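upload_27.pdb, holding PDB, C-alpha atoms and all ligand atoms:
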ATOM      1  CA  MET J 490     -50.108 -44.278 -30.574
ATOM      2  CA  LYS J 491     -47.740 -44.409 -33.549
ATOM      3  CA  VAL J 492     -46.145 -41.172 -34.783
ATOM      4  CA  LEU J 493     -43.910 -40.399 -37.757
ATOM      5  CA  ILE J 494     -41.520 -37.492 -37.031
ATOM      6  CA  THR J 495     -39.688 -35.673 -39.846
ATOM      7  CA  GLY J 496     -36.673 -33.452 -39.107
ATOM      8  CA  SER J 497     -36.040 -35.763 -36.168
ATOM      9  CA  ALA J 498     -32.292 -35.010 -36.065
ATOM     10  CA  GLY J 499     -32.882 -31.252 -35.752
ATOM     11  CA  LEU J 500     -33.089 -28.936 -32.773
ATOM     12  CA  ILE J 501     -36.823 -29.279 -32.172
ATOM     13  CA  GLY J 502     -37.060 -32.763 -33.718
ATOM     14  CA  ARG J 503     -34.564 -34.313 -31.272
ATOM     15  CA  GLU J 504     -36.506 -32.969 -28.284
ATOM     16  CA  VAL J 505     -39.846 -34.098 -29.674
ATOM     17  CA  THR J 506     -38.478 -37.549 -30.543
ATOM     18  CA  SER J 507     -37.008 -38.090 -27.071
ATOM     19  CA  ALA J 508     -40.160 -36.855 -25.330
ATOM     20  CA  LEU J 509     -42.514 -39.005 -27.391
ATOM     21  CA  VAL J 510     -40.384 -42.116 -26.899
ATOM     22  CA  ALA J 511     -40.276 -41.373 -23.136
ATOM     23  CA  GLU J 512     -44.089 -41.005 -23.125
ATOM     24  CA  GLY J 513     -44.466 -44.454 -24.664
ATOM     25  CA  PHE J 514     -45.363 -43.438 -28.246
ATOM     26  CA  GLU J 515     -44.193 -45.739 -31.024
ATOM     27  CA  VAL J 516     -41.926 -43.408 -33.030
ATOM     28  CA  LEU J 517     -40.700 -43.679 -36.601
ATOM     29  CA  ALA J 518     -38.079 -40.973 -37.057
ATOM     30  CA  THR J 519     -36.687 -39.594 -40.294
ATOM     31  CA  ASP J 520     -34.214 -36.913 -41.384
ATOM     32  CA  ARG J 521     -31.772 -36.415 -44.234
ATOM     33  CA  VAL J 522     -29.061 -36.348 -41.562
ATOM     34  CA  LYS J 523     -28.290 -39.495 -39.571
ATOM     35  CA  ASN J 524     -28.655 -39.273 -35.803
ATOM     36  CA  ASP J 525     -26.867 -42.178 -34.126
ATOM     37  CA  SER J 526     -27.976 -41.046 -30.686
ATOM     38  CA  SER J 527     -31.671 -40.770 -31.611
ATOM     39  CA  ALA J 528     -34.111 -41.935 -28.936
ATOM     40  CA  ALA J 529     -36.098 -43.585 -31.750
ATOM     41  CA  LYS J 530     -35.203 -47.207 -32.491
ATOM     42  CA  ASN J 531     -36.603 -46.770 -35.973
ATOM     43  CA  PHE J 532     -34.694 -44.017 -37.823
ATOM     44  CA  VAL J 533     -34.742 -43.697 -41.626
ATOM     45  CA  VAL J 534     -32.372 -41.384 -43.523
ATOM     46  CA  GLY J 535     -33.598 -39.648 -46.679
ATOM     47  CA  ASP J 536     -34.585 -36.434 -48.389
ATOM     48  CA  LEU J 537     -38.178 -35.186 -48.192
ATOM     49  CA  GLU J 538     -37.685 -33.370 -51.512
ATOM     50  CA  SER J 539     -37.787 -36.833 -53.095
ATOM     51  CA  ALA J 540     -41.383 -37.967 -53.644
ATOM     52  CA  ASP J 541     -40.082 -41.551 -53.977
ATOM     53  CA  PHE J 542     -38.377 -41.447 -50.596
ATOM     54  CA  VAL J 543     -41.441 -40.001 -48.852
ATOM     55  CA  SER J 544     -43.790 -42.510 -50.470
ATOM     56  CA  GLN J 545     -41.684 -45.326 -49.007
ATOM     57  CA  LEU J 546     -41.957 -44.040 -45.429
ATOM     58  CA  ASP J 547     -44.369 -45.828 -43.097
ATOM     59  CA  PHE J 548     -47.483 -43.641 -43.013
ATOM     60  CA  GLN J 549     -49.555 -46.344 -41.295
ATOM     61  CA  CYS J 550     -49.604 -44.187 -38.187
ATOM     62  CA  ASP J 551     -51.896 -42.114 -35.975
ATOM     63  CA  ALA J 552     -50.100 -38.821 -36.515
ATOM     64  CA  VAL J 553     -47.257 -37.122 -38.385
ATOM     65  CA  VAL J 554     -45.131 -34.427 -36.735
ATOM     66  CA  HIS J 555     -43.476 -32.619 -39.638
ATOM     67  CA  LEU J 556     -40.405 -30.591 -38.614
ATOM     68  CA  GLY J 557     -38.055 -31.341 -41.537
ATOM     69  CA  SER J 558     -37.333 -27.960 -43.143
ATOM     70  CA  ILE J 559     -34.570 -25.415 -43.606
ATOM     71  CA  PRO J 560     -35.252 -23.147 -40.589
ATOM     72  CA  SER J 561     -34.110 -19.765 -41.956
ATOM     73  CA  PRO J 562     -33.187 -17.971 -45.199
ATOM     74  CA  VAL J 563     -29.618 -17.323 -43.972
ATOM     75  CA  HIS J 564     -27.509 -20.247 -45.244
ATOM     76  CA  ASP J 565     -29.177 -21.262 -48.518
ATOM     77  CA  SER J 566     -30.410 -19.514 -51.656
ATOM     78  CA  ASP J 567     -33.989 -18.251 -51.833
ATOM     79  CA  GLU J 568     -34.713 -20.896 -54.477
ATOM     80  CA  LYS J 569     -33.242 -23.756 -52.394
ATOM     81  CA  VAL J 570     -35.164 -22.765 -49.248
ATOM     82  CA  PHE J 571     -38.420 -22.443 -51.167
ATOM     83  CA  HIS J 572     -38.046 -25.690 -53.053
ATOM     84  CA  ASN J 573     -36.890 -27.700 -50.038
ATOM     85  CA  ASN J 574     -39.537 -26.425 -47.645
ATOM     86  CA  VAL J 575     -42.475 -26.357 -50.030
ATOM     87  CA  MET J 576     -41.886 -29.612 -51.915
ATOM     88  CA  GLY J 577     -40.772 -31.542 -48.806
ATOM     89  CA  THR J 578     -43.940 -30.436 -47.035
ATOM     90  CA  TYR J 579     -46.133 -31.130 -50.067
ATOM     91  CA  HIS J 580     -44.831 -34.703 -50.257
ATOM     92  CA  VAL J 581     -45.371 -35.299 -46.528
ATOM     93  CA  PHE J 582     -48.905 -33.857 -46.563
ATOM     94  CA  ALA J 583     -49.850 -35.768 -49.732
ATOM     95  CA  SER J 584     -48.650 -39.103 -48.318
ATOM     96  CA  ALA J 585     -50.407 -38.459 -45.004
ATOM     97  CA  VAL J 586     -53.691 -37.857 -46.832
ATOM     98  CA  GLU J 587     -53.203 -40.797 -49.184
ATOM     99  CA  ASN J 588     -52.720 -43.053 -46.156
ATOM    100  CA  ASN J 589     -55.643 -41.550 -44.171
ATOM    101  CA  VAL J 590     -53.445 -40.368 -41.293
ATOM    102  CA  PRO J 591     -55.891 -38.633 -38.895
ATOM    103  CA  LEU J 592     -53.575 -35.813 -37.764
ATOM    104  CA  VAL J 593     -50.612 -33.855 -39.144
ATOM    105  CA  ILE J 594     -48.807 -31.355 -36.883
ATOM    106  CA  TYR J 595     -46.264 -29.144 -38.612
ATOM    107  CA  ALA J 596     -43.937 -26.228 -37.897
ATOM    108  CA  SER J 597     -44.835 -22.938 -39.484
ATOM    109  CA  SER J 598     -43.069 -19.838 -38.142
ATOM    110  CA  LEU J 599     -43.622 -16.354 -36.780
ATOM    111  CA  SER J 600     -41.314 -15.327 -39.634
ATOM    112  CA  ILE J 601     -44.480 -15.609 -41.709
ATOM    113  CA  TYR J 602     -45.390 -12.029 -40.660
ATOM    114  CA  GLY J 603     -42.317 -10.764 -42.511
ATOM    115  CA  THR J 604     -40.433  -8.662 -39.953
ATOM    116  CA  ALA J 605     -37.827 -11.275 -38.938
ATOM    117  CA  TRP J 606     -35.872 -11.493 -42.183
ATOM    118  CA  SER J 607     -36.936  -8.358 -44.068
ATOM    119  CA  GLY J 608     -34.125  -6.395 -45.756
ATOM    120  CA  PRO J 609     -35.583  -2.955 -45.025
ATOM    121  CA  TRP J 610     -36.711  -2.363 -41.439
ATOM    122  CA  THR J 611     -40.356  -3.347 -41.107
ATOM    123  CA  SER J 612     -42.803  -3.238 -38.218
ATOM    124  CA  PRO J 613     -46.072  -5.030 -37.536
ATOM    125  CA  GLU J 614     -49.128  -3.011 -38.541
ATOM    126  CA  TYR J 615     -50.500  -3.630 -35.070
ATOM    127  CA  VAL J 616     -49.628  -5.405 -31.850
ATOM    128  CA  PRO J 617     -50.281  -7.846 -30.328
ATOM    129  CA  VAL J 618     -49.835  -9.691 -33.624
ATOM    130  CA  ASP J 619     -52.559 -12.291 -34.115
ATOM    131  CA  GLU J 620     -53.018 -14.864 -36.874
ATOM    132  CA  SER J 621     -55.060 -12.377 -38.944
ATOM    133  CA  HIS J 622     -52.150  -9.939 -39.211
ATOM    134  CA  PRO J 623     -51.121  -9.346 -42.869
ATOM    135  CA  LEU J 624     -48.200 -11.417 -44.176
ATOM    136  CA  ASN J 625     -45.595  -9.177 -45.848
ATOM    137  CA  HIS J 626     -42.722 -11.326 -47.109
ATOM    138  CA  TYR J 627     -39.259 -10.264 -48.231
ATOM    139  CA  GLU J 628     -37.681 -13.680 -48.739
ATOM    140  CA  SER J 629     -38.670 -17.219 -49.531
ATOM    141  CA  TYR J 630     -38.443 -18.770 -46.046
ATOM    142  CA  ALA J 631     -41.465 -16.752 -44.887
ATOM    143  CA  LEU J 632     -43.132 -17.367 -48.237
ATOM    144  CA  SER J 633     -42.550 -21.132 -47.938
ATOM    145  CA  LYS J 634     -44.313 -21.102 -44.576
ATOM    146  CA  GLU J 635     -47.337 -19.360 -46.072
ATOM    147  CA  VAL J 636     -47.458 -21.780 -49.002
ATOM    148  CA  ASN J 637     -47.255 -24.705 -46.554
ATOM    149  CA  GLU J 638     -50.150 -23.344 -44.514
ATOM    150  CA  ARG J 639     -52.227 -22.990 -47.703
ATOM    151  CA  SER J 640     -51.127 -26.478 -48.704
ATOM    152  CA  ALA J 641     -52.444 -27.807 -45.354
ATOM    153  CA  ASP J 642     -55.764 -26.029 -46.007
ATOM    154  CA  MET J 643     -56.064 -27.661 -49.417
ATOM    155  CA  TRP J 644     -55.280 -31.171 -48.188
ATOM    156  CA  ALA J 645     -57.717 -30.744 -45.274
ATOM    157  CA  ASN J 646     -60.453 -29.668 -47.709
ATOM    158  CA  ARG J 647     -60.209 -32.890 -49.640
ATOM    159  CA  SER J 648     -59.642 -35.398 -46.843
ATOM    160  CA  GLY J 649     -60.424 -36.338 -43.261
ATOM    161  CA  THR J 650     -56.864 -35.504 -42.191
ATOM    162  CA  ALA J 651     -56.604 -32.650 -39.664
ATOM    163  CA  PHE J 652     -53.680 -30.209 -39.867
ATOM    164  CA  VAL J 653     -52.275 -28.069 -37.052
ATOM    165  CA  GLY J 654     -49.507 -25.571 -37.833
ATOM    166  CA  PHE J 655     -47.460 -23.950 -35.070
ATOM    167  CA  ARG J 656     -46.249 -20.421 -35.823
ATOM    168  CA  PHE J 657     -43.191 -20.830 -33.575
ATOM    169  CA  PRO J 658     -41.125 -17.813 -32.471
ATOM    170  CA  PHE J 659     -37.373 -18.146 -31.740
ATOM    171  CA  CYS J 660     -37.448 -21.631 -30.222
ATOM    172  CA  ASN J 661     -34.380 -22.823 -28.400
ATOM    173  CA  SER J 662     -32.801 -24.124 -25.202
ATOM    174  CA  GLU J 663     -33.046 -22.261 -21.910
ATOM    175  CA  SER J 664     -29.375 -21.254 -22.196
ATOM    176  CA  ALA J 665     -29.687 -19.913 -25.769
ATOM    177  CA  ILE J 666     -32.746 -17.850 -24.790
ATOM    178  CA  SER J 667     -30.951 -16.468 -21.694
ATOM    179  CA  GLU J 668     -27.907 -15.625 -23.814
ATOM    180  CA  LEU J 669     -30.015 -13.646 -26.294
ATOM    181  CA  ALA J 670     -31.696 -11.739 -23.446
ATOM    182  CA  ARG J 671     -28.355 -11.109 -21.706
ATOM    183  CA  LYS J 672     -26.794  -9.634 -24.860
ATOM    184  CA  MET J 673     -29.768  -7.308 -25.284
ATOM    185  CA  ARG J 674     -29.535  -6.296 -21.621
ATOM    186  CA  GLU J 675     -25.849  -5.494 -22.114
ATOM    187  CA  GLY J 676     -26.737  -3.197 -25.015
ATOM    188  CA  ASP J 677     -25.409  -5.252 -27.966
ATOM    189  CA  LYS J 678     -26.861  -3.150 -30.808
ATOM    190  CA  GLU J 679     -26.923  -5.938 -33.404
ATOM    191  CA  VAL J 680     -28.686  -8.354 -31.044
ATOM    192  CA  LEU J 681     -31.110  -5.622 -29.971
ATOM    193  CA  GLN J 682     -32.065  -5.179 -33.623
ATOM    194  CA  GLN J 683     -32.421  -8.949 -34.114
ATOM    195  CA  GLY J 684     -34.558  -9.126 -30.974
ATOM    196  CA  ALA J 685     -36.832  -6.370 -32.264
ATOM    197  CA  LYS J 686     -37.141  -8.058 -35.677
ATOM    198  CA  ILE J 687     -38.364 -11.278 -34.046
ATOM    199  CA  LEU J 688     -40.656  -9.176 -31.820
ATOM    200  CA  TRP J 689     -38.780 -10.349 -28.681
ATOM    201  CA  GLY J 690     -40.707 -13.615 -28.936
ATOM    202  CA  TYR J 691     -39.350 -16.905 -27.660
ATOM    203  CA  LEU J 692     -40.321 -20.445 -26.770
ATOM    204  CA  ASP J 693     -38.333 -22.944 -24.719
ATOM    205  CA  LEU J 694     -37.867 -26.239 -26.577
ATOM    206  CA  ARG J 695     -39.593 -28.045 -23.685
ATOM    207  CA  ASP J 696     -42.690 -25.907 -24.253
ATOM    208  CA  ALA J 697     -42.627 -26.658 -27.993
ATOM    209  CA  VAL J 698     -42.679 -30.354 -27.072
ATOM    210  CA  GLN J 699     -45.556 -29.868 -24.627
ATOM    211  CA  GLY J 700     -47.555 -27.914 -27.224
ATOM    212  CA  ILE J 701     -47.127 -30.719 -29.739
ATOM    213  CA  LEU J 702     -48.064 -33.299 -27.086
ATOM    214  CA  ALA J 703     -51.203 -31.303 -26.238
ATOM    215  CA  VAL J 704     -52.356 -31.526 -29.862
ATOM    216  CA  LEU J 705     -51.453 -35.233 -30.117
ATOM    217  CA  LYS J 706     -53.497 -35.948 -26.999
ATOM    218  CA  SER J 707     -56.524 -33.708 -27.755
ATOM    219  CA  GLY J 708     -56.678 -34.088 -31.540
ATOM    220  CA  ALA J 709     -57.906 -31.507 -34.067
ATOM    221  CA  ASN J 710     -60.270 -30.877 -36.975
ATOM    222  CA  GLY J 711     -59.812 -29.170 -40.330
ATOM    223  CA  SER J 712     -56.737 -26.984 -40.837
ATOM    224  CA  LYS J 713     -55.642 -24.515 -38.151
ATOM    225  CA  THR J 714     -52.556 -22.440 -37.446
ATOM    226  CA  TYR J 715     -51.664 -20.986 -34.081
ATOM    227  CA  ASN J 716     -49.202 -18.455 -32.727
ATOM    228  CA  PHE J 717     -47.527 -20.293 -29.865
ATOM    229  CA  ALA J 718     -45.032 -18.302 -27.800
ATOM    230  CA  ALA J 719     -44.052 -17.558 -24.213
ATOM    231  CA  PRO J 720     -46.353 -14.959 -22.599
ATOM    232  CA  ASP J 721     -43.465 -12.566 -21.918
ATOM    233  CA  SER J 722     -40.599 -11.139 -23.961
ATOM    234  CA  THR J 723     -36.808 -11.390 -24.067
ATOM    235  CA  ALA J 724     -36.529  -7.588 -24.164
ATOM    236  CA  PRO J 725     -34.495  -5.691 -21.564
ATOM    237  CA  LYS J 726     -37.146  -3.003 -21.047
ATOM    238  CA  PRO J 727     -40.958  -3.066 -20.761
ATOM    239  CA  THR J 728     -42.744  -3.829 -24.001
ATOM    240  CA  LEU J 729     -44.188  -0.333 -24.550
ATOM    241  CA  GLU J 730     -40.739   1.249 -24.260
ATOM    242  CA  MET J 731     -39.272  -1.289 -26.693
ATOM    243  CA  LEU J 732     -42.113  -0.682 -29.145
ATOM    244  CA  SER J 733     -41.699   3.087 -29.079
ATOM    245  CA  GLU J 734     -37.982   2.662 -29.778
ATOM    246  CA  TYR J 735     -38.074  -0.039 -32.475
ATOM    247  CA  HIS J 736     -41.623  -0.223 -33.833
ATOM    248  CA  PRO J 737     -43.115   3.250 -33.270
ATOM    249  CA  THR J 738     -45.510   2.884 -36.221
ATOM    250  CA  SER J 739     -47.210  -0.256 -34.841
ATOM    251  CA  LYS J 740     -50.666   0.455 -33.512
ATOM    252  CA  VAL J 741     -50.965  -0.857 -29.926
ATOM    253  CA  LEU J 742     -54.357  -2.531 -29.531
ATOM    254  CA  THR J 743     -54.260  -3.667 -25.902
ATOM    255  CA  PRO J 744     -52.958  -2.071 -22.699
ATOM    256  CA  LEU J 745     -49.335  -3.116 -22.053
ATOM    257  CA  SER J 746     -47.821  -2.456 -18.652
ATOM    258  CA  GLY J 747     -44.904  -4.852 -18.277
ATOM    259  CA  TYR J 748     -42.866  -7.324 -20.297
ATOM    260  CA  GLU J 749     -45.850  -8.885 -22.070
ATOM    261  CA  SER J 750     -45.279 -10.613 -25.389
ATOM    262  CA  VAL J 751     -46.569  -8.807 -28.494
ATOM    263  CA  ILE J 752     -47.528 -12.195 -29.948
ATOM    264  CA  ASP J 753     -51.210 -12.918 -29.427
ATOM    265  CA  CYS J 754     -51.714 -16.596 -28.549
ATOM    266  CA  SER J 755     -55.376 -16.336 -27.538
ATOM    267  CA  HIS J 756     -56.550 -18.599 -30.378
ATOM    268  CA  TRP J 757     -54.294 -21.372 -29.090
ATOM    269  CA  ARG J 758     -55.455 -20.809 -25.501
ATOM    270  CA  ALA J 759     -59.118 -21.013 -26.541
ATOM    271  CA  VAL J 760     -58.604 -24.545 -27.877
ATOM    272  CA  TYR J 761     -55.733 -26.169 -25.958
ATOM    273  CA  GLU J 762     -55.087 -26.006 -22.249
ATOM    274  CA  TYR J 763     -51.292 -25.972 -22.288
ATOM    275  CA  GLU J 764     -49.566 -22.639 -21.521
ATOM    276  CA  PRO J 765     -45.790 -22.234 -22.021
ATOM    277  CA  LYS J 766     -44.223 -22.475 -18.564
ATOM    278  CA  TYR J 767     -40.453 -22.536 -19.116
ATOM    279  CA  LEU J 768     -40.024 -18.774 -18.927
ATOM    280  CA  LEU J 769     -36.997 -16.523 -19.064
ATOM    281  CA  ASP J 770     -35.295 -15.770 -15.775
ATOM    282  CA  ARG J 771     -34.595 -12.043 -16.306
ATOM    283  CA  LYS J 772     -31.775 -12.026 -13.786
ATOM    284  CA  ALA J 773     -29.829 -14.966 -15.250
TER     285      ALA J 773
HETATM  286  N1  LIG P 801     -35.972 -23.229 -33.937
HETATM  287  C1  LIG P 801     -36.648 -22.120 -34.240
HETATM  288  O1  LIG P 801     -36.346 -21.027 -33.699
HETATM  289  C2  LIG P 801     -37.819 -22.167 -35.176
HETATM  290  C3  LIG P 801     -38.688 -21.062 -35.205
HETATM  291  C4  LIG P 801     -39.783 -21.090 -36.068
HETATM  292  C5  LIG P 801     -40.022 -22.204 -36.853
HETATM  293  N2  LIG P 801     -39.145 -23.254 -36.829
HETATM  294  C6  LIG P 801     -39.440 -24.403 -37.699
HETATM  295  O2  LIG P 801     -39.373 -25.605 -36.947
HETATM  296  C7  LIG P 801     -38.908 -26.677 -37.779
HETATM  297  C8  LIG P 801     -37.709 -27.328 -37.128
HETATM  298  O3  LIG P 801     -36.711 -26.334 -36.966
HETATM  299  P1  LIG P 801     -35.365 -26.579 -36.151
HETATM  300  O4  LIG P 801     -35.050 -25.306 -35.446
HETATM  301  O5  LIG P 801     -35.430 -27.850 -35.407
HETATM  302  O6  LIG P 801     -34.344 -26.675 -37.366
HETATM  303  P2  LIG P 801     -33.126 -27.709 -37.575
HETATM  304  O7  LIG P 801     -32.377 -27.247 -38.761
HETATM  305  O8  LIG P 801     -32.382 -27.876 -36.302
HETATM  306  O9  LIG P 801     -33.903 -29.054 -37.897
HETATM  307  C9  LIG P 801     -34.537 -29.265 -39.119
HETATM  308  C10 LIG P 801     -34.206 -30.669 -39.571
HETATM  309  O10 LIG P 801     -34.856 -30.883 -40.818
HETATM  310  C11 LIG P 801     -33.998 -31.625 -41.634
HETATM  311  N3  LIG P 801     -34.337 -31.363 -43.037
HETATM  312  C12 LIG P 801     -34.359 -30.174 -43.682
HETATM  313  N4  LIG P 801     -34.692 -30.350 -44.972
HETATM  314  C13 LIG P 801     -34.896 -31.700 -45.136
HETATM  315  C14 LIG P 801     -35.235 -32.505 -46.235
HETATM  316  N5  LIG P 801     -35.427 -31.997 -47.456
HETATM  317  N6  LIG P 801     -35.346 -33.843 -46.047
HETATM  318  C15 LIG P 801     -35.150 -34.396 -44.813
HETATM  319  N7  LIG P 801     -34.803 -33.681 -43.733
HETATM  320  C16 LIG P 801     -34.679 -32.344 -43.897
HETATM  321  C17 LIG P 801     -32.590 -31.147 -41.291
HETATM  322  O11 LIG P 801     -31.609 -32.130 -41.617
HETATM  323  C18 LIG P 801     -32.704 -30.892 -39.795
HETATM  324  O12 LIG P 801     -32.256 -31.995 -39.026
HETATM  325  C19 LIG P 801     -38.641 -26.044 -39.145
HETATM  326  O13 LIG P 801     -39.777 -26.191 -39.965
HETATM  327  C20 LIG P 801     -38.440 -24.567 -38.823
HETATM  328  O14 LIG P 801     -38.722 -23.755 -39.927
HETATM  329  C21 LIG P 801     -38.058 -23.260 -36.008
END

Just give me the structure of the file as structure tokens.
Ligand SMILES: NC(=O)c1ccc[n+]([C@@H]2O[C@H](COP(=O)([O-])OP(=O)(O)OC[C@H]3O[C@@H](n4cnc5c(N)ncnc54)[C@H](O)[C@@H]3O)[C@@H](O)[C@H]2O)c1
Amino acid sequence: MKVLITGSAGLIGREVTSALVAEGFEVLATDRVKNDSSAAKNFVVGDLESADFVSQLDFQCDAVVHLGSIPSPVHDSDEKVFHNNVMGTYHVFASAVENNVPLVIYASSLSIYGTAWSGPWTSPEYVPVDESHPLNHYESYALSKEVNERSADMWANRSGTAFVGFRFPFCNSESAISELARKMREGDKEVLQQGAKILWGYLDLRDAVQGILAVLKSGANGSKTYNFAAPDSTAPKPTLEMLSEYHPTSKVLTPLSGYESVIDCSHWRAVYEYEPKYLLDRKA
């Protein structure tokens, strides 16, 4: 199976590239940043904002894994983030459709619900948050993710290409996830606020890879987006206690008795068998 990976030099992209090469996939990797240590033999440097560059990539493949985006609104202007993420994605989706690629997997984000990067403090309307939860944006990173999901819907409507978007939570290495949890446990107020804004969600990079592999192996139809997060939280106290402290206005729809995640991944579970298994060691 031949796969084109964008954002291959990035945090998630490097892991996905290495794993797919190790699994025997033929990988064409691309990023605007060079990665001399890439596991992919075939690595092309260029900017996805350029339609010319994207049209010259090799889309004669079985799937595209699109991870090339600015991953937060923190370091670039609203306009730059929006333009980069929306136009880069548009070019990738358009070329995939033009070349009849059967499957496009792409990274959306849990930031799409709006709480992560909102200026004023905001809370989900209800928890667990499922894919039908309203999207209330305060900045253009979240907005770019919504536009990209709608873009996937449009391209799926007019082609046989299937699109699967992952609404990833904070996705990082085991040590970065442990560090975040440790700081919250030690009472770091700023990190506790950050943790609450991202709804204490997390995903180990190895699970992100396995989720992507599950879709590559099982395939997909139409255009779908899935919450995909670990089943527990990074929070230092049980979920109900954290909610009453940080999100007291959120309506709690299901019984919560422990450290359950407030991110509802049941739609994913109904379709794909893989469950995140690299979970936080609360004592580490
Ligand atoms: N890591 C997370 O916590 C997280 C959470 C939710 C969603 N995501 C999404 O996952 C994807 C990958 O994120 P990441 O954490 O690996 O980020 P990253 O910044 O480590 O990697 C993204 C890569 O995309 C490349 N890129 C960005 N714009 C580009 C362009 N115009 N042309 C070519 N390459 C470009 C960058 O050079 C970088 O190597 C992004 O879409 C991000 O929004 C990440």

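Interatomic distance, CA of Ser497 (chain J) against CA of Tyr579 (chain J): 17.8 Å.
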
Given 7 Å and all atoms listed in the file, residues near ligand LIG 801 (chain P) as a PyMOL selection string
chain J and resi 495-502+520-522+535-538+556-561+573-574+577+596-600+656-661

From the set J:Met576, J:Ala585, J:Met490, J:Leu745, which residue has the shortest atom-to-atom contact distance to Lys706 (chain J), counting all atoms listed in the file?
J:Met490

Can you work out which one of J:Ser621, J:Gly513, J:Ser712, J:Ala697 has the shortest atom-to-atom distance to Phe582 (chain J), counting all atoms listed in the file?
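Residue with the minimum atom-to-atom distance to Phe582 (chain J): J:Ser712.
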
Enclosing box along x, y and z for every listed atom of region 557-571 of chain J, padded 3 Å each side, centre and size in Å, one decimal, as AutoDock Vina command-line options:
--center_x -33.0 --center_y -24.3 --center_z -47.5 --size_x 16.9 --size_y 20.0 --size_z 19.9

Hey, can you check how far CA of Asp677 (chain J) sits from CA of Ser722 (chain J)?
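Rounded to one decimal, the two atoms are 16.8 Å apart.
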
Given the file above and the PyMOL selection byres (((chain J and resi 632-635) around 10) and not hetatm), which residues are selected, and can you give them as a PyMOL selection string?
chain J and resi 558+567+570-576+578+596-603+624-631+636-641+654+656

Residues of the last selection are to be written out with C-alpha atoms, as a PDB file, in the frame of the given file.
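This is the output file again.pdb:
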ATOM      1  CA  SER J 558     -37.333 -27.960 -43.143  1.00  0.00           C
ATOM      2  CA  ASP J 567     -33.989 -18.251 -51.833  1.00  0.00           C
ATOM      3  CA  VAL J 570     -35.164 -22.765 -49.248  1.00  0.00           C
ATOM      4  CA  PHE J 571     -38.420 -22.443 -51.167  1.00  0.00           C
ATOM      5  CA  HIS J 572     -38.046 -25.690 -53.053  1.00  0.00           C
ATOM      6  CA  ASN J 573     -36.890 -27.700 -50.038  1.00  0.00           C
ATOM      7  CA  ASN J 574     -39.537 -26.425 -47.645  1.00  0.00           C
ATOM      8  CA  VAL J 575     -42.475 -26.357 -50.030  1.00  0.00           C
ATOM      9  CA  MET J 576     -41.886 -29.612 -51.915  1.00  0.00           C
ATOM     10  CA  THR J 578     -43.940 -30.436 -47.035  1.00  0.00           C
ATOM     11  CA  ALA J 596     -43.937 -26.228 -37.897  1.00  0.00           C
ATOM     12  CA  SER J 597     -44.835 -22.938 -39.484  1.00  0.00           C
ATOM     13  CA  SER J 598     -43.069 -19.838 -38.142  1.00  0.00           C
ATOM     14  CA  LEU J 599     -43.622 -16.354 -36.780  1.00  0.00           C
ATOM     15  CA  SER J 600     -41.314 -15.327 -39.634  1.00  0.00           C
ATOM     16  CA  ILE J 601     -44.480 -15.609 -41.709  1.00  0.00           C
ATOM     17  CA  TYR J 602     -45.390 -12.029 -40.660  1.00  0.00           C
ATOM     18  CA  GLY J 603     -42.317 -10.764 -42.511  1.00  0.00           C
ATOM     19  CA  LEU J 624     -48.200 -11.417 -44.176  1.00  0.00           C
ATOM     20  CA  ASN J 625     -45.595  -9.177 -45.848  1.00  0.00           C
ATOM     21  CA  HIS J 626     -42.722 -11.326 -47.109  1.00  0.00           C
ATOM     22  CA  TYR J 627     -39.259 -10.264 -48.231  1.00  0.00           C
ATOM     23  CA  GLU J 628     -37.681 -13.680 -48.739  1.00  0.00           C
ATOM     24  CA  SER J 629     -38.670 -17.219 -49.531  1.00  0.00           C
ATOM     25  CA  TYR J 630     -38.443 -18.770 -46.046  1.00  0.00           C
ATOM     26  CA  ALA J 631     -41.465 -16.752 -44.887  1.00  0.00           C
ATOM     27  CA  VAL J 636     -47.458 -21.780 -49.002  1.00  0.00           C
ATOM     28  CA  ASN J 637     -47.255 -24.705 -46.554  1.00  0.00           C
ATOM     29  CA  GLU J 638     -50.150 -23.344 -44.514  1.00  0.00           C
ATOM     30  CA  ARG J 639     -52.227 -22.990 -47.703  1.00  0.00           C
ATOM     31  CA  SER J 640     -51.127 -26.478 -48.704  1.00  0.00           C
ATOM     32  CA  ALA J 641     -52.444 -27.807 -45.354  1.00  0.00           C
ATOM     33  CA  GLY J 654     -49.507 -25.571 -37.833  1.00  0.00           C
ATOM     34  CA  ARG J 656     -46.249 -20.421 -35.823  1.00  0.00           C
TER      35      ARG J 656
END

To test your reading of the syntax: which residues would the PyMOL selection byres (((chain J and resi 670) around 12) and not hetatm) return for the file shown? Reply as a ChimeraX atom specification.
/J:659,663-669,671-677,680-681,683-685,689-691,721-726,768-773
